[in-house]
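J.: Please find upload-v6.cif (mmCIF, C-alpha atoms) on the next line:
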data_start
#
loop_
_atom_site.group_PDB
_atom_site.id
_atom_site.type_symbol
_atom_site.label_atom_id
_atom_site.label_comp_id
_atom_site.auth_asym_id
_atom_site.auth_seq_id
_atom_site.Cartn_x
_atom_site.Cartn_y
_atom_site.Cartn_z
ATOM 1 C CA MET A 1 21.856 3.065 2.788
ATOM 2 C CA MET A 2 20.329 6.536 2.947
ATOM 3 C CA SER A 3 21.392 8.732 5.865
ATOM 4 C CA GLN A 4 18.431 10.017 7.851
ATOM 5 C CA SER A 5 17.641 12.180 10.824
ATOM 6 C CA PRO A 6 16.347 10.131 13.777
ATOM 7 C CA ALA A 7 12.772 11.394 13.346
ATOM 8 C CA PHE A 8 12.570 10.034 9.803
ATOM 9 C CA SER A 9 14.239 6.707 10.630
ATOM 10 C CA LEU A 10 12.400 3.408 11.032
ATOM 11 C CA GLN A 11 15.314 1.881 12.912
ATOM 12 C CA GLY A 12 14.063 -0.559 15.552
ATOM 13 C CA LYS A 13 10.525 -0.622 14.143
ATOM 14 C CA VAL A 14 8.744 -3.786 12.987
ATOM 15 C CA VAL A 15 6.663 -3.032 9.890
ATOM 16 C CA ILE A 16 4.332 -5.476 8.153
ATOM 17 C CA GLN A 17 3.685 -4.895 4.472
ATOM 18 C CA PHE A 18 0.734 -6.663 2.898
ATOM 19 C CA GLY A 19 1.437 -7.210 -0.793
ATOM 20 C CA GLY A 20 5.007 -7.411 -2.001
ATOM 21 C CA THR A 21 4.688 -7.875 -5.757
ATOM 22 C CA GLY A 22 3.330 -5.815 -8.644
ATOM 23 C CA LEU A 23 4.621 -2.422 -9.725
ATOM 24 C CA LEU A 24 4.840 -0.907 -6.262
ATOM 25 C CA GLY A 25 5.426 -3.730 -3.755
ATOM 26 C CA PRO A 26 9.191 -4.296 -4.249
ATOM 27 C CA ALA A 27 9.941 -0.560 -4.230
ATOM 28 C CA LEU A 28 8.099 -0.099 -0.936
ATOM 29 C CA ILE A 29 9.908 -3.055 0.643
ATOM 30 C CA LYS A 30 13.241 -1.543 -0.370
ATOM 31 C CA ALA A 31 12.302 1.892 0.999
ATOM 32 C CA LEU A 32 11.240 0.439 4.343
ATOM 33 C CA GLY A 33 14.417 -1.625 4.599
ATOM 34 C CA GLU A 34 16.623 1.338 3.701
ATOM 35 C CA ALA A 35 14.915 3.363 6.444
ATOM 36 C CA GLY A 36 16.018 0.721 8.951
ATOM 37 C CA ALA A 37 12.793 -1.183 9.573
ATOM 38 C CA THR A 38 12.532 -4.887 10.195
ATOM 39 C CA VAL A 39 10.126 -5.688 7.374
ATOM 40 C CA VAL A 40 7.697 -8.606 7.356
ATOM 41 C CA VAL A 41 6.147 -9.023 3.908
ATOM 42 C CA ALA A 42 2.818 -10.870 3.992
ATOM 43 C CA SER A 43 1.620 -12.286 0.703
ATOM 44 C CA ARG A 44 -0.590 -14.999 -0.753
ATOM 45 C CA SER A 45 2.535 -16.644 -2.163
ATOM 46 C CA ARG A 46 5.665 -16.653 -0.034
ATOM 47 C CA ALA A 47 7.620 -18.308 -2.828
ATOM 48 C CA SER A 48 7.092 -15.284 -5.076
ATOM 49 C CA LEU A 49 9.008 -13.161 -2.556
ATOM 50 C CA ASP A 50 12.007 -15.430 -1.975
ATOM 51 C CA SER A 51 14.328 -13.789 -4.514
ATOM 52 C CA LEU A 52 13.427 -10.295 -3.327
ATOM 53 C CA VAL A 53 14.005 -11.215 0.325
ATOM 54 C CA ALA A 54 17.377 -12.752 -0.573
ATOM 55 C CA GLN A 55 18.369 -9.668 -2.561
ATOM 56 C CA GLU A 56 17.430 -7.269 0.224
ATOM 57 C CA GLY A 57 19.097 -9.471 2.829
ATOM 58 C CA ALA A 58 22.313 -9.437 0.840
ATOM 59 C CA ALA A 59 22.168 -5.636 0.990
ATOM 60 C CA GLY A 60 22.091 -5.813 4.782
ATOM 61 C CA ARG A 61 18.382 -5.156 5.247
ATOM 62 C CA VAL A 62 16.156 -7.250 7.545
ATOM 63 C CA ILE A 63 13.317 -8.657 5.444
ATOM 64 C CA HIS A 64 11.120 -11.643 6.280
ATOM 65 C CA ALA A 65 8.414 -13.227 4.119
ATOM 66 C CA GLU A 66 5.209 -14.736 5.500
ATOM 67 C CA GLU A 67 2.342 -16.426 3.698
ATOM 68 C CA VAL A 68 -1.178 -15.281 4.557
ATOM 69 C CA ASP A 69 -4.690 -15.551 3.148
ATOM 70 C CA THR A 70 -6.488 -12.262 3.821
ATOM 71 C CA HIS A 71 -9.783 -13.985 2.980
ATOM 72 C CA SER A 72 -9.357 -16.004 6.176
ATOM 73 C CA GLU A 73 -9.482 -14.389 9.601
ATOM 74 C CA ALA A 74 -7.901 -17.554 11.028
ATOM 75 C CA SER A 75 -4.925 -17.139 8.675
ATOM 76 C CA LEU A 76 -4.562 -13.476 9.690
ATOM 77 C CA HIS A 77 -4.726 -14.377 13.384
ATOM 78 C CA ALA A 78 -2.094 -17.077 12.895
ATOM 79 C CA LEU A 79 0.153 -14.544 11.155
ATOM 80 C CA ARG A 80 -0.393 -12.107 14.019
ATOM 81 C CA ASP A 81 0.566 -14.734 16.576
ATOM 82 C CA ARG A 82 3.730 -15.717 14.670
ATOM 83 C CA ILE A 83 4.873 -12.112 14.297
ATOM 84 C CA VAL A 84 4.196 -11.170 17.917
ATOM 85 C CA ALA A 85 5.954 -14.322 19.131
ATOM 86 C CA GLN A 86 9.035 -13.585 17.014
ATOM 87 C CA HIS A 87 9.227 -9.784 17.250
ATOM 88 C CA GLN A 88 7.173 -9.008 20.408
ATOM 89 C CA ARG A 89 5.510 -5.993 18.775
ATOM 90 C CA VAL A 90 4.160 -4.399 15.589
ATOM 91 C CA ASP A 91 5.026 -0.756 14.919
ATOM 92 C CA GLY A 92 3.661 -0.232 11.435
ATOM 93 C CA ILE A 93 1.426 -1.603 8.707
ATOM 94 C CA VAL A 94 1.601 -0.867 4.987
ATOM 95 C CA TYR A 95 -1.461 -2.216 3.199
ATOM 96 C CA ASN A 96 -0.596 -2.674 -0.474
ATOM 97 C CA ALA A 97 -2.331 -6.008 -1.187
ATOM 98 C CA ALA A 98 -4.776 -6.112 -4.089
ATOM 99 C CA SER A 99 -6.532 -8.484 -6.450
ATOM 100 C CA ARG A 100 -7.755 -7.332 -9.851
ATOM 101 C CA PRO A 101 -10.173 -9.933 -11.268
ATOM 102 C CA MET A 102 -12.317 -7.315 -13.058
ATOM 103 C CA THR A 103 -11.211 -6.158 -16.489
ATOM 104 C CA SER A 104 -14.216 -4.158 -17.724
ATOM 105 C CA PHE A 105 -17.585 -2.664 -16.785
ATOM 106 C CA SER A 106 -19.391 -5.620 -18.404
ATOM 107 C CA ASP A 107 -17.707 -8.430 -16.446
ATOM 108 C CA ASN A 108 -19.794 -11.080 -14.749
ATOM 109 C CA LEU A 109 -20.788 -10.135 -11.198
ATOM 110 C CA SER A 110 -18.729 -13.038 -9.910
ATOM 111 C CA ALA A 111 -15.612 -10.973 -10.697
ATOM 112 C CA TRP A 112 -17.012 -8.060 -8.673
ATOM 113 C CA LYS A 113 -17.683 -10.354 -5.713
ATOM 114 C CA GLU A 114 -14.207 -11.877 -5.929
ATOM 115 C CA SER A 115 -12.705 -8.400 -5.978
ATOM 116 C CA MET A 116 -14.663 -7.426 -2.868
ATOM 117 C CA ALA A 117 -13.358 -10.426 -0.943
ATOM 118 C CA THR A 118 -9.750 -9.233 -1.177
ATOM 119 C CA ASN A 119 -9.951 -5.491 -1.669
ATOM 120 C CA ALA A 120 -12.728 -4.710 0.822
ATOM 121 C CA THR A 121 -13.302 -7.545 3.304
ATOM 122 C CA GLY A 122 -9.693 -8.759 3.339
ATOM 123 C CA PHE A 123 -8.411 -5.220 3.742
ATOM 124 C CA PHE A 124 -10.650 -4.520 6.725
ATOM 125 C CA ALA A 125 -9.889 -7.883 8.353
ATOM 126 C CA ALA A 126 -6.130 -7.355 8.082
ATOM 127 C CA ILE A 127 -6.202 -3.804 9.425
ATOM 128 C CA ARG A 128 -8.478 -4.733 12.322
ATOM 129 C CA THR A 129 -6.312 -7.723 13.266
ATOM 130 C CA PHE A 130 -3.071 -5.758 13.439
ATOM 131 C CA GLY A 131 -4.574 -2.416 14.401
ATOM 132 C CA ASP A 132 -5.850 -4.065 17.569
ATOM 133 C CA VAL A 133 -2.318 -5.317 18.327
ATOM 134 C CA MET A 134 -0.946 -1.795 18.045
ATOM 135 C CA ALA A 135 -3.833 -0.368 20.065
ATOM 136 C CA ALA A 136 -3.011 -2.791 22.879
ATOM 137 C CA GLN A 137 0.600 -1.519 22.739
ATOM 138 C CA GLY A 138 -0.586 2.081 22.738
ATOM 139 C CA SER A 139 1.352 3.026 19.605
ATOM 140 C CA GLY A 140 1.672 2.352 15.904
ATOM 141 C CA SER A 141 1.117 3.713 12.417
ATOM 142 C CA ILE A 142 -0.940 2.310 9.542
ATOM 143 C CA VAL A 143 -0.417 3.471 5.955
ATOM 144 C CA ASN A 144 -2.901 2.312 3.337
ATOM 145 C CA ILE A 145 -2.018 2.489 -0.356
ATOM 146 C CA ALA A 146 -4.987 3.841 -2.303
ATOM 147 C CA SER A 147 -4.916 5.757 -5.593
ATOM 148 C CA GLN A 148 -5.791 9.134 -7.026
ATOM 149 C CA MET A 149 -8.658 7.203 -8.657
ATOM 150 C CA GLY A 150 -10.232 7.080 -5.216
ATOM 151 C CA THR A 151 -10.862 10.826 -5.385
ATOM 152 C CA ILE A 152 -11.635 11.463 -9.068
ATOM 153 C CA GLY A 153 -13.786 9.900 -11.746
ATOM 154 C CA MET A 154 -12.693 7.883 -14.766
ATOM 155 C CA ASN A 155 -11.410 9.916 -17.726
ATOM 156 C CA PRO A 156 -12.293 8.029 -20.953
ATOM 157 C CA TRP A 157 -10.059 10.315 -23.026
ATOM 158 C CA LEU A 158 -6.949 8.769 -21.510
ATOM 159 C CA TYR A 159 -7.810 5.327 -22.884
ATOM 160 C CA GLU A 160 -9.109 6.218 -26.371
ATOM 161 C CA GLY A 161 -7.443 4.230 -29.140
ATOM 162 C CA THR A 162 -5.752 1.810 -26.708
ATOM 163 C CA ALA A 163 -6.612 -1.624 -25.330
ATOM 164 C CA MET A 164 -6.424 -0.231 -21.799
ATOM 165 C CA LYS A 165 -9.541 -0.102 -19.611
ATOM 166 C CA ALA A 166 -10.475 1.207 -16.186
ATOM 167 C CA PRO A 167 -12.662 -1.366 -14.354
ATOM 168 C CA PRO A 168 -15.187 0.076 -11.886
ATOM 169 C CA ASP A 169 -14.201 -1.948 -8.815
ATOM 170 C CA TYR A 170 -10.844 -0.142 -8.619
ATOM 171 C CA PHE A 171 -12.538 3.226 -8.159
ATOM 172 C CA PHE A 172 -14.948 1.783 -5.596
ATOM 173 C CA HIS A 173 -12.246 0.161 -3.489
ATOM 174 C CA LYS A 174 -9.819 3.058 -3.509
ATOM 175 C CA GLY A 175 -12.535 5.577 -2.670
ATOM 176 C CA GLY A 176 -13.698 3.299 0.128
ATOM 177 C CA MET A 177 -10.156 2.814 1.403
ATOM 178 C CA ILE A 178 -9.653 6.574 1.681
ATOM 179 C CA ASN A 179 -12.798 7.130 3.729
ATOM 180 C CA LEU A 180 -12.373 3.986 5.840
ATOM 181 C CA THR A 181 -8.913 5.331 6.679
ATOM 182 C CA ARG A 182 -10.620 8.362 8.233
ATOM 183 C CA TYR A 183 -12.930 6.092 10.221
ATOM 184 C CA LEU A 184 -10.013 3.975 11.425
ATOM 185 C CA ALA A 185 -8.029 7.079 12.383
ATOM 186 C CA SER A 186 -10.943 8.155 14.571
ATOM 187 C CA HIS A 187 -11.431 4.671 16.017
ATOM 188 C CA TYR A 188 -7.778 4.140 16.959
ATOM 189 C CA GLY A 189 -6.677 7.723 17.605
ATOM 190 C CA THR A 190 -7.054 7.825 21.386
ATOM 191 C CA GLN A 191 -5.273 4.452 21.575
ATOM 192 C CA GLY A 192 -2.082 5.896 20.101
ATOM 193 C CA VAL A 193 -2.450 4.450 16.607
ATOM 194 C CA ARG A 194 -2.313 6.729 13.570
ATOM 195 C CA VAL A 195 -3.949 5.768 10.260
ATOM 196 C CA ASN A 196 -3.209 7.551 6.986
ATOM 197 C CA VAL A 197 -3.485 6.838 3.291
ATOM 198 C CA VAL A 198 -1.154 7.514 0.364
ATOM 199 C CA SER A 199 -2.796 8.011 -3.042
ATOM 200 C CA PRO A 200 -0.330 7.388 -5.864
ATOM 201 C CA GLY A 201 -0.851 8.622 -9.367
ATOM 202 C CA GLY A 202 -0.249 6.381 -12.345
ATOM 203 C CA ILE A 203 2.985 4.373 -12.221
ATOM 204 C CA PHE A 204 5.036 3.736 -15.341
ATOM 205 C CA ASN A 205 5.500 0.038 -16.073
ATOM 206 C CA VAL A 206 9.079 -0.461 -17.272
ATOM 207 C CA SER A 207 8.661 -4.153 -18.118
ATOM 208 C CA LYS A 208 5.354 -3.676 -19.928
ATOM 209 C CA PRO A 209 5.007 -0.005 -20.886
ATOM 210 C CA GLN A 210 1.596 1.568 -21.185
ATOM 211 C CA ALA A 211 0.355 2.536 -24.658
ATOM 212 C CA PRO A 212 2.201 5.566 -26.115
ATOM 213 C CA ALA A 213 -1.065 7.469 -26.612
ATOM 214 C CA PHE A 214 -1.980 6.900 -22.972
ATOM 215 C CA LEU A 215 1.455 8.021 -21.760
ATOM 216 C CA GLU A 216 1.266 11.240 -23.780
ATOM 217 C CA ARG A 217 -2.230 12.104 -22.564
ATOM 218 C CA TYR A 218 -1.508 11.145 -18.984
ATOM 219 C CA GLY A 219 1.572 13.355 -18.924
ATOM 220 C CA LYS A 220 -0.540 16.312 -20.021
ATOM 221 C CA MET A 221 -2.858 15.746 -17.054
ATOM 222 C CA THR A 222 -0.038 16.106 -14.503
ATOM 223 C CA MET A 223 2.028 19.129 -13.490
ATOM 224 C CA LEU A 224 5.281 17.182 -13.889
ATOM 225 C CA GLY A 225 4.424 15.903 -17.358
ATOM 226 C CA ARG A 226 4.955 12.192 -16.673
ATOM 227 C CA MET A 227 3.926 9.089 -14.777
ATOM 228 C CA ALA A 228 5.543 8.114 -11.473
ATOM 229 C CA ASP A 229 8.522 5.848 -10.946
ATOM 230 C CA PRO A 230 7.756 3.219 -8.231
ATOM 231 C CA ARG A 231 10.702 4.498 -6.188
ATOM 232 C CA GLU A 232 9.002 7.882 -5.813
ATOM 233 C CA LEU A 233 6.314 6.525 -3.471
ATOM 234 C CA GLY A 234 8.538 5.185 -0.702
ATOM 235 C CA GLY A 235 9.413 8.513 0.887
ATOM 236 C CA ALA A 236 5.791 9.382 1.621
ATOM 237 C CA VAL A 237 5.166 5.970 3.183
ATOM 238 C CA VAL A 238 8.313 6.083 5.326
ATOM 239 C CA PHE A 239 7.407 9.602 6.500
ATOM 240 C CA LEU A 240 3.931 8.532 7.640
ATOM 241 C CA LEU A 241 5.335 5.500 9.475
ATOM 242 C CA SER A 242 8.075 7.508 11.171
ATOM 243 C CA ASP A 243 8.186 9.715 14.250
ATOM 244 C CA ALA A 244 8.418 12.740 11.941
ATOM 245 C CA SER A 245 4.625 12.514 11.458
ATOM 246 C CA THR A 246 3.376 11.861 15.002
ATOM 247 C CA TYR A 247 0.605 14.492 14.745
ATOM 248 C CA ILE A 248 -0.697 13.383 11.350
ATOM 249 C CA THR A 249 -3.644 11.007 11.191
ATOM 250 C CA GLY A 250 -6.700 10.625 8.996
ATOM 251 C CA ALA A 251 -4.838 12.278 6.110
ATOM 252 C CA ASN A 252 -4.843 11.425 2.412
ATOM 253 C CA LEU A 253 -1.459 12.268 0.888
ATOM 254 C CA PRO A 254 -1.534 12.442 -2.943
ATOM 255 C CA VAL A 255 1.708 11.438 -4.645
ATOM 256 C CA ASP A 256 0.458 12.074 -8.151
ATOM 257 C CA GLY A 257 2.693 14.643 -9.837
ATOM 258 C CA GLY A 258 0.009 17.271 -9.337
ATOM 259 C CA TYR A 259 -2.692 15.385 -11.261
ATOM 260 C CA THR A 260 -5.488 16.004 -8.766
ATOM 261 C CA ALA A 261 -4.354 19.594 -8.070
ATOM 262 C CA LYS A 262 -4.333 20.696 -11.695
#
Starting from the file, give its structure as structure tokens.

T.:
Amino acid sequence: MMSQSPAFSLQGKVVIQFGGTGLLGPALIKALGEAGATVVVASRSRASLDSLVAQEGAAGRVIHAEEVDTHSEASLHALRDRIVAQHQRVDGIVYNAASRPMTSFSDNLSAWKESMATNATGFFAAIRTFGDVMAAQGSGSIVNIASQMGTIGMNPWLYEGTAMKAPPDYFFHKGGMINLTRYLASHYGTQGVRVNVVSPGGIFNVSKPQAPAFLERYGKMTMLGRMADPRELGGAVVFLLSDASTYITGANLPVDGGYTAK
């Protein structure tokens, strides 16, 4: 376990992470656990998290898995009630849940609507449900996981000659998440709840690598010359949840290898 100064520790804090799978979810869970948090991972499929929870538990970290449907406010309220009954409080939220039904600009509008249900409505419903819990406590920190694509436009050059595409809903949701974070920071600020957003750059997929042409071009767009490793995002999230960042709210922290600064 990493040694940490008290300000950067999450020891004694109960943190709920929405979304525990994909490229980033497991790495964030590990980072939170290593920082000392009691982590509750909320996902559409609890079964998909069982092996990860067992692995982290064997390493001495406190990880729980809970099933939730973010499309349903009743399901979110039931999750809230279970967590408060078991842990008595909520100190942090990491919102990393996402659904990606769109694959191209020309998809049927039904895919756009389905995407909105999870990535816009579900996101707001989850944050409001648990943000209100923290506001009633008078303390807490929310960290939303957006993307650099929420602040820049699509670059077709990156995808030329590959089968990769950049569907439009992703840009819409991540841009909206960044600005809604500012709204939420204003709404909850005087109630002791901070709300920030982390905007990762592209993450290298070890199990299914991106096209070589894309990797070469993407590297040229960054200052570090490469895509991110999932483990490189956890530090920023832990920092924003911890007492080391008590005067930071409404901020968008890029973790993109310098892509958006170049």

J.: What is the atom CA of A:Lys220-atom CA of A:Pro254 distance in Å, reported with one decimal?

T.: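 A separation of 17.5 Å between them.
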
J.: Would you mind reading off the distance between atom CA of A:Gly92 and atom CA of A:Val39, one decimal, in Å?

T.: 9.4 Å

J.: For A:Thr162, find every residue with an atom within 12 Å (counting all atoms listed in the file), except residues of its own chain fewer than 5 positions away, and show them as a ChimeraX atom specification.

T.: /A:156-157,210-215,217

J.: Please compute the atom CA of A:Lys174-atom CA of A:Met149 distance, one decimal, in Å.

T.: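 Atom-to-atom, atom CA of A:Lys174 to atom CA of A:Met149, that is 6.7 Å.
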
J.: May I ask which of the residues A:Val237, A:Leu158, A:Ala74, A:Ala261 is the closest one to A:Ile145, counting all atoms listed in the file?

T.: A:Val237

J.: Restore N, CA and C atoms in stretch 243-262 of chain A and list the result as a PDB file, keeping the file's coordinate frame.

T.:
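The resulting rebuild_36.pdb:
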ATOM      1  N   ASP A 243       8.493   8.775  13.180  1.00  0.00           N
ATOM      2  CA  ASP A 243       8.186   9.715  14.250  1.00  0.00           C
ATOM      3  C   ASP A 243       8.189  11.159  13.774  1.00  0.00           C
ATOM      4  N   ALA A 244       8.500  11.386  12.497  1.00  0.00           N
ATOM      5  CA  ALA A 244       8.418  12.740  11.941  1.00  0.00           C
ATOM      6  C   ALA A 244       6.973  13.153  11.677  1.00  0.00           C
ATOM      7  N   SER A 245       6.028  12.213  11.783  1.00  0.00           N
ATOM      8  CA  SER A 245       4.625  12.514  11.458  1.00  0.00           C
ATOM      9  C   SER A 245       3.689  12.175  12.611  1.00  0.00           C
ATOM     10  N   THR A 246       4.152  12.334  13.845  1.00  0.00           N
ATOM     11  CA  THR A 246       3.376  11.861  15.002  1.00  0.00           C
ATOM     12  C   THR A 246       2.077  12.620  15.241  1.00  0.00           C
ATOM     13  N   TYR A 247       1.878  13.774  14.577  1.00  0.00           N
ATOM     14  CA  TYR A 247       0.605  14.492  14.745  1.00  0.00           C
ATOM     15  C   TYR A 247      -0.201  14.504  13.449  1.00  0.00           C
ATOM     16  N   ILE A 248       0.053  13.520  12.601  1.00  0.00           N
ATOM     17  CA  ILE A 248      -0.697  13.383  11.350  1.00  0.00           C
ATOM     18  C   ILE A 248      -1.481  12.090  11.390  1.00  0.00           C
ATOM     19  N   THR A 249      -2.792  12.201  11.298  1.00  0.00           N
ATOM     20  CA  THR A 249      -3.644  11.007  11.191  1.00  0.00           C
ATOM     21  C   THR A 249      -4.917  11.377  10.444  1.00  0.00           C
ATOM     22  N   GLY A 250      -5.496  10.398   9.778  1.00  0.00           N
ATOM     23  CA  GLY A 250      -6.700  10.625   8.996  1.00  0.00           C
ATOM     24  C   GLY A 250      -6.456  11.373   7.704  1.00  0.00           C
ATOM     25  N   ALA A 251      -5.191  11.481   7.283  1.00  0.00           N
ATOM     26  CA  ALA A 251      -4.838  12.278   6.110  1.00  0.00           C
ATOM     27  C   ALA A 251      -4.739  11.421   4.853  1.00  0.00           C
ATOM     28  N   ASN A 252      -5.051  12.042   3.722  1.00  0.00           N
ATOM     29  CA  ASN A 252      -4.843  11.425   2.412  1.00  0.00           C
ATOM     30  C   ASN A 252      -3.755  12.216   1.708  1.00  0.00           C
ATOM     31  N   LEU A 253      -2.603  11.597   1.506  1.00  0.00           N
ATOM     32  CA  LEU A 253      -1.459  12.268   0.888  1.00  0.00           C
ATOM     33  C   LEU A 253      -1.353  11.868  -0.581  1.00  0.00           C
ATOM     34  N   PRO A 254      -1.689  12.760  -1.524  1.00  0.00           N
ATOM     35  CA  PRO A 254      -1.534  12.442  -2.943  1.00  0.00           C
ATOM     36  C   PRO A 254      -0.065  12.478  -3.344  1.00  0.00           C
ATOM     37  N   VAL A 255       0.364  11.463  -4.057  1.00  0.00           N
ATOM     38  CA  VAL A 255       1.708  11.438  -4.645  1.00  0.00           C
ATOM     39  C   VAL A 255       1.481  11.195  -6.134  1.00  0.00           C
ATOM     40  N   ASP A 256       1.027  12.249  -6.809  1.00  0.00           N
ATOM     41  CA  ASP A 256       0.458  12.074  -8.151  1.00  0.00           C
ATOM     42  C   ASP A 256       0.986  13.076  -9.171  1.00  0.00           C
ATOM     43  N   GLY A 257       2.126  13.699  -8.866  1.00  0.00           N
ATOM     44  CA  GLY A 257       2.693  14.643  -9.837  1.00  0.00           C
ATOM     45  C   GLY A 257       1.820  15.849 -10.095  1.00  0.00           C
ATOM     46  N   GLY A 258       0.896  16.125  -9.187  1.00  0.00           N
ATOM     47  CA  GLY A 258       0.009  17.271  -9.337  1.00  0.00           C
ATOM     48  C   GLY A 258      -1.257  16.998 -10.116  1.00  0.00           C
ATOM     49  N   TYR A 259      -1.511  15.732 -10.448  1.00  0.00           N
ATOM     50  CA  TYR A 259      -2.692  15.385 -11.261  1.00  0.00           C
ATOM     51  C   TYR A 259      -3.983  15.917 -10.644  1.00  0.00           C
ATOM     52  N   THR A 260      -4.211  15.631  -9.377  1.00  0.00           N
ATOM     53  CA  THR A 260      -5.488  16.004  -8.766  1.00  0.00           C
ATOM     54  C   THR A 260      -5.519  17.464  -8.318  1.00  0.00           C
ATOM     55  N   ALA A 261      -4.387  18.173  -8.432  1.00  0.00           N
ATOM     56  CA  ALA A 261      -4.354  19.594  -8.070  1.00  0.00           C
ATOM     57  C   ALA A 261      -4.449  20.499  -9.289  1.00  0.00           C
ATOM     58  N   LYS A 262      -4.389  19.897 -10.474  1.00  0.00           N
ATOM     59  CA  LYS A 262      -4.333  20.696 -11.695  1.00  0.00           C
ATOM     60  C   LYS A 262      -5.703  21.155 -12.136  1.00  0.00           C
TER      61      LYS A 262
END
